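query-v5.cif follows; it contains mmCIF, C-alpha atoms and all ligand atoms.
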```
data_query
#
loop_
_atom_site.group_PDB
_atom_site.id
_atom_site.type_symbol
_atom_site.label_atom_id
_atom_site.label_comp_id
_atom_site.auth_asym_id
_atom_site.auth_seq_id
_atom_site.Cartn_x
_atom_site.Cartn_y
_atom_site.Cartn_z
ATOM 1 C CA MET A 95 -61.879 -0.201 -353.836
ATOM 2 C CA LYS A 96 -63.125 -3.643 -354.718
ATOM 3 C CA LEU A 97 -61.042 -5.204 -351.927
ATOM 4 C CA PHE A 98 -62.490 -2.748 -349.411
ATOM 5 C CA ALA A 99 -65.980 -3.703 -350.471
ATOM 6 C CA LEU A 100 -65.145 -7.385 -349.992
ATOM 7 C CA HIS A 101 -63.817 -6.743 -346.498
ATOM 8 C CA LYS A 102 -66.908 -4.777 -345.640
ATOM 9 C CA PHE A 103 -69.082 -7.578 -346.973
ATOM 10 C CA LEU A 104 -67.209 -10.189 -344.934
ATOM 11 C CA LEU A 105 -67.400 -8.077 -341.785
ATOM 12 C CA ILE A 106 -71.122 -7.456 -342.137
ATOM 13 C CA SER A 107 -71.949 -11.038 -343.036
ATOM 14 C CA GLY A 108 -69.841 -12.178 -340.066
ATOM 15 C CA LEU A 109 -71.815 -9.927 -337.743
ATOM 16 C CA VAL A 110 -75.076 -11.086 -339.245
ATOM 17 C CA ALA A 111 -74.016 -14.711 -338.744
ATOM 18 C CA ILE A 112 -73.137 -14.052 -335.096
ATOM 19 C CA LEU A 113 -76.405 -12.229 -334.410
ATOM 20 C CA TRP A 114 -78.356 -14.875 -336.321
ATOM 21 C CA GLY A 115 -76.628 -17.584 -334.286
ATOM 22 C CA ILE A 116 -77.569 -15.898 -331.019
ATOM 23 C CA HIS A 117 -81.100 -15.510 -332.260
ATOM 24 C CA ILE A 118 -81.357 -19.177 -333.200
ATOM 25 C CA ASN A 119 -79.840 -20.170 -329.885
ATOM 26 C CA ASN A 120 -82.451 -18.126 -328.014
ATOM 27 C CA GLY A 121 -85.174 -19.666 -330.116
ATOM 28 C CA LEU A 122 -84.101 -23.131 -329.109
ATOM 29 C CA THR A 123 -83.482 -22.461 -325.423
ATOM 30 C CA ILE A 124 -85.129 -25.289 -323.546
ATOM 31 C CA ASP A 125 -84.663 -24.070 -319.998
ATOM 32 C CA ARG A 126 -87.308 -21.373 -319.954
ATOM 33 C CA THR A 127 -87.640 -20.110 -316.400
ATOM 34 C CA ILE A 128 -90.430 -17.565 -316.768
ATOM 35 C CA PRO A 129 -93.870 -19.228 -316.597
ATOM 36 C CA ILE A 130 -96.263 -18.429 -319.395
ATOM 37 C CA ARG A 131 -100.030 -18.727 -319.917
ATOM 38 C CA HIS A 132 -101.658 -21.226 -322.243
ATOM 39 C CA THR A 133 -105.271 -21.003 -323.318
ATOM 40 C CA ILE A 134 -107.558 -23.967 -323.815
ATOM 41 C CA THR A 135 -110.666 -22.977 -325.708
ATOM 42 C CA ILE A 136 -113.873 -24.845 -325.021
ATOM 43 C CA SER A 137 -116.075 -24.786 -328.087
ATOM 44 C CA MET A 138 -118.185 -27.202 -330.120
ATOM 45 C CA MET A 139 -118.170 -29.540 -327.096
ATOM 46 C CA LYS A 140 -114.395 -29.903 -327.261
ATOM 47 C CA PHE A 141 -111.287 -28.725 -325.440
ATOM 48 C CA THR A 142 -108.826 -27.205 -327.911
ATOM 49 C CA PRO A 143 -106.018 -28.113 -327.834
ATOM 50 C CA GLU A 144 -107.126 -31.448 -326.468
ATOM 51 C CA ASN A 145 -103.562 -32.416 -325.540
ATOM 52 C CA LEU A 146 -101.421 -29.568 -324.305
ATOM 53 C CA VAL A 147 -97.708 -29.657 -323.483
ATOM 54 C CA ILE A 148 -96.411 -27.043 -321.052
ATOM 55 C CA LYS A 149 -93.523 -26.288 -318.724
ATOM 56 C CA LYS A 150 -93.926 -26.931 -315.003
ATOM 57 C CA GLY A 151 -95.437 -23.878 -313.318
ATOM 58 C CA ASP A 152 -97.130 -22.512 -316.416
ATOM 59 C CA THR A 153 -100.683 -21.260 -316.087
ATOM 60 C CA VAL A 154 -103.458 -22.846 -318.097
ATOM 61 C CA VAL A 155 -106.597 -20.853 -318.786
ATOM 62 C CA TRP A 156 -109.824 -22.534 -319.877
ATOM 63 C CA VAL A 157 -112.173 -20.244 -321.793
ATOM 64 C CA ASN A 158 -115.722 -21.345 -322.524
ATOM 65 C CA LYS A 159 -116.840 -20.141 -325.945
ATOM 66 C CA ASP A 160 -119.814 -22.489 -326.179
ATOM 67 C CA ILE A 161 -123.353 -21.387 -325.473
ATOM 68 C CA VAL A 162 -123.751 -24.125 -322.851
ATOM 69 C CA ASP A 163 -121.958 -24.439 -319.514
ATOM 70 C CA HIS A 164 -118.818 -26.556 -319.239
ATOM 71 C CA ASP A 165 -116.204 -27.190 -316.597
ATOM 72 C CA ALA A 166 -112.701 -28.596 -316.281
ATOM 73 C CA THR A 167 -112.394 -31.262 -313.585
ATOM 74 C CA ASP A 168 -109.473 -33.460 -312.557
ATOM 75 C CA GLU A 169 -110.461 -36.837 -314.000
ATOM 76 C CA LYS A 170 -108.615 -39.234 -311.702
ATOM 77 C CA ASN A 171 -108.844 -37.828 -308.173
ATOM 78 C CA LYS A 172 -111.245 -34.891 -308.559
ATOM 79 C CA ALA A 173 -108.507 -32.929 -306.823
ATOM 80 C CA TRP A 174 -109.526 -29.749 -308.613
ATOM 81 C CA ALA A 175 -112.433 -28.407 -310.612
ATOM 82 C CA SER A 176 -113.230 -25.126 -312.243
ATOM 83 C CA GLY A 177 -116.913 -25.262 -311.403
ATOM 84 C CA PRO A 178 -119.426 -24.489 -314.149
ATOM 85 C CA LEU A 179 -118.214 -21.927 -316.666
ATOM 86 C CA LYS A 180 -120.858 -19.997 -318.549
ATOM 87 C CA LYS A 181 -120.334 -18.679 -322.076
ATOM 88 C CA GLY A 182 -117.425 -16.226 -322.052
ATOM 89 C CA GLU A 183 -116.230 -17.215 -318.591
ATOM 90 C CA SER A 184 -112.743 -18.485 -317.906
ATOM 91 C CA TRP A 185 -110.822 -20.199 -315.142
ATOM 92 C CA SER A 186 -107.124 -20.717 -314.663
ATOM 93 C CA LYS A 187 -104.780 -22.999 -312.775
ATOM 94 C CA VAL A 188 -101.012 -23.257 -312.321
ATOM 95 C CA ILE A 189 -100.002 -26.718 -313.534
ATOM 96 C CA THR A 190 -97.083 -28.554 -311.931
ATOM 97 C CA LYS A 191 -97.669 -32.139 -313.032
ATOM 98 C CA ASP A 192 -99.305 -34.150 -315.804
ATOM 99 C CA GLU A 193 -103.065 -33.814 -315.660
ATOM 100 C CA GLN A 194 -106.053 -35.586 -317.166
ATOM 101 C CA TYR A 195 -109.260 -33.646 -316.976
ATOM 102 C CA TYR A 196 -112.786 -33.823 -318.301
ATOM 103 C CA CYS A 197 -116.008 -31.870 -318.307
ATOM 104 C CA SER A 198 -118.157 -33.269 -315.497
ATOM 105 C CA ILE A 199 -121.255 -31.927 -317.249
ATOM 106 C CA HIS A 200 -120.457 -33.740 -320.512
ATOM 107 C CA VAL A 201 -118.224 -36.624 -319.483
ATOM 108 C CA VAL A 202 -117.115 -37.462 -323.032
ATOM 109 C CA MET A 203 -115.235 -34.158 -323.211
ATOM 110 C CA LYS A 204 -111.671 -34.871 -322.144
ATOM 111 C CA GLY A 205 -108.228 -33.331 -322.287
ATOM 112 C CA THR A 206 -104.679 -33.824 -321.097
ATOM 113 C CA ILE A 207 -101.872 -31.545 -320.010
ATOM 114 C CA LYS A 208 -98.340 -32.872 -320.140
ATOM 115 C CA VAL A 209 -95.540 -31.207 -318.205
ATOM 116 C CA ASN A 210 -92.384 -31.277 -320.269
ATOM 117 C CA LYS A 211 -89.213 -31.760 -318.230
HETATM 118 CU CU CU B 1 -119.071 -29.700 -321.034
#
```
Please re-express this file's structure in structure tokens.
Ligand SMILES: [Cu+2]
Amino acid sequence: MKLFALHKFLLISGLVAILWGIHINNGLTIDRTIPIRHTITISMMKFTPENLVIKKGDTVVWVNKDIVDHDATDEKNKAWASGPLKKGESWSKVITKDEQYYCSIHVVMKGTIKVNK
């Protein structure tokens, strides 16, 4: 009876270990292929997070939670810009390369997006 219980315990703990291992493996998978959305909150005159790391092709959404207008504008080449976002408004962009952006209304507000390879 005791031996049977031991076998059962070993079998179950073995299964748990296998399932746990798969779970951990999935958790650490680096090659994510499905793009996801990241949110950058604009509040208190700041982009949060200020420095965001994403995967190539992910979508970044800027949400203005301040009472004043803000925008998100490509800092180096002005290649893209959200245009003014009022309180509660948002704008999104698919990001494929490292970006540095700022708020053209309040030029001290800056942020970066890094594409992780
Ligand atoms: Cu601003």
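For the file shown, the residue list from the PyMOL selection byres (((chain A and resi 191-205) around 9) and not hetatm) reads Met139, Lys140, Phe141, Thr142, Pro143, Glu144, Asn145, Leu146, Lys150, Gly151, Asp163, His164, Asp165, Ala166, Thr167, Asp168, Glu169, Lys170, Lys172, Ala175, Pro178, Ile189, Thr190, Thr206, Ile207, Lys208, Val209 and Asn210 of chain A.
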Using C-alpha atoms, can you export the residues from the last selection as a compact mmCIF listing (two decimals), keeping the file's coordinate frame?
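again35.txt, freshly written:
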```txt
# COMPACT_ATOMS: atom_id res chain seq x y z
CA MET A 139 -118.17 -29.54 -327.10
CA LYS A 140 -114.40 -29.90 -327.26
CA PHE A 141 -111.29 -28.72 -325.44
CA THR A 142 -108.83 -27.20 -327.91
CA PRO A 143 -106.02 -28.11 -327.83
CA GLU A 144 -107.13 -31.45 -326.47
CA ASN A 145 -103.56 -32.42 -325.54
CA LEU A 146 -101.42 -29.57 -324.30
CA LYS A 150 -93.93 -26.93 -315.00
CA GLY A 151 -95.44 -23.88 -313.32
CA ASP A 163 -121.96 -24.44 -319.51
CA HIS A 164 -118.82 -26.56 -319.24
CA ASP A 165 -116.20 -27.19 -316.60
CA ALA A 166 -112.70 -28.60 -316.28
CA THR A 167 -112.39 -31.26 -313.58
CA ASP A 168 -109.47 -33.46 -312.56
CA GLU A 169 -110.46 -36.84 -314.00
CA LYS A 170 -108.62 -39.23 -311.70
CA LYS A 172 -111.24 -34.89 -308.56
CA ALA A 175 -112.43 -28.41 -310.61
CA PRO A 178 -119.43 -24.49 -314.15
CA ILE A 189 -100.00 -26.72 -313.53
CA THR A 190 -97.08 -28.55 -311.93
CA THR A 206 -104.68 -33.82 -321.10
CA ILE A 207 -101.87 -31.54 -320.01
CA LYS A 208 -98.34 -32.87 -320.14
CA VAL A 209 -95.54 -31.21 -318.20
CA ASN A 210 -92.38 -31.28 -320.27
```
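Closest approach to ligand CU 1 (chain B) among A:Lys187, A:Ile128, A:Lys181, A:Lys211: A:Lys181, based on all atoms listed in the file.
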Open item on the list: Distance cut-off 9 Å, centre (-107.1, -16.4, -320.3) in file coordinates, counting all atoms listed in the file: which residues qualify? Return them as JSON, numbers by chain.
Closed with: {"A": [131, 132, 133, 134, 154, 155, 156, 157, 184, 185, 186]}
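From atom CA of Thr135 of chain A back to atom CA of Val147 of chain A, the distance works out to 14.7 Å.
For the atom pair formed by atom CA of Ile130 of chain A and atom CA of Asp152 of chain A, the distance is 5.1 Å, given to one decimal.
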Open item on the list: Using all atoms listed in the file for the distances, tell me which of A:Thr153, A:Asn171, A:Ser137, A:Thr127 is nearest to ligand CU 1 (chain B).
Closed with: A:Ser137
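Across the structure, atom CA of Arg126 of chain A and atom CA of Lys149 of chain A are spaced 8.0 Å apart.
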Open item on the list: With the PyMOL selection byres (((chain A and resi 182) around 9) and not hetatm) as the selection, what would be picked from this file? Answer as a PyMOL selection string, please.
Closed with: chain A and resi 157-161+179-181+183-184
Box dimensions and centre (Å, one decimal) enclosing segment 150-155 of chain A, axis-aligned, 8 Å extra per side, as AutoDock Vina command-line options:
```
--center_x -100.3 --center_y -23.9 --center_z -316.1 --size_x 28.7 --size_y 22.1 --size_z 21.5
```
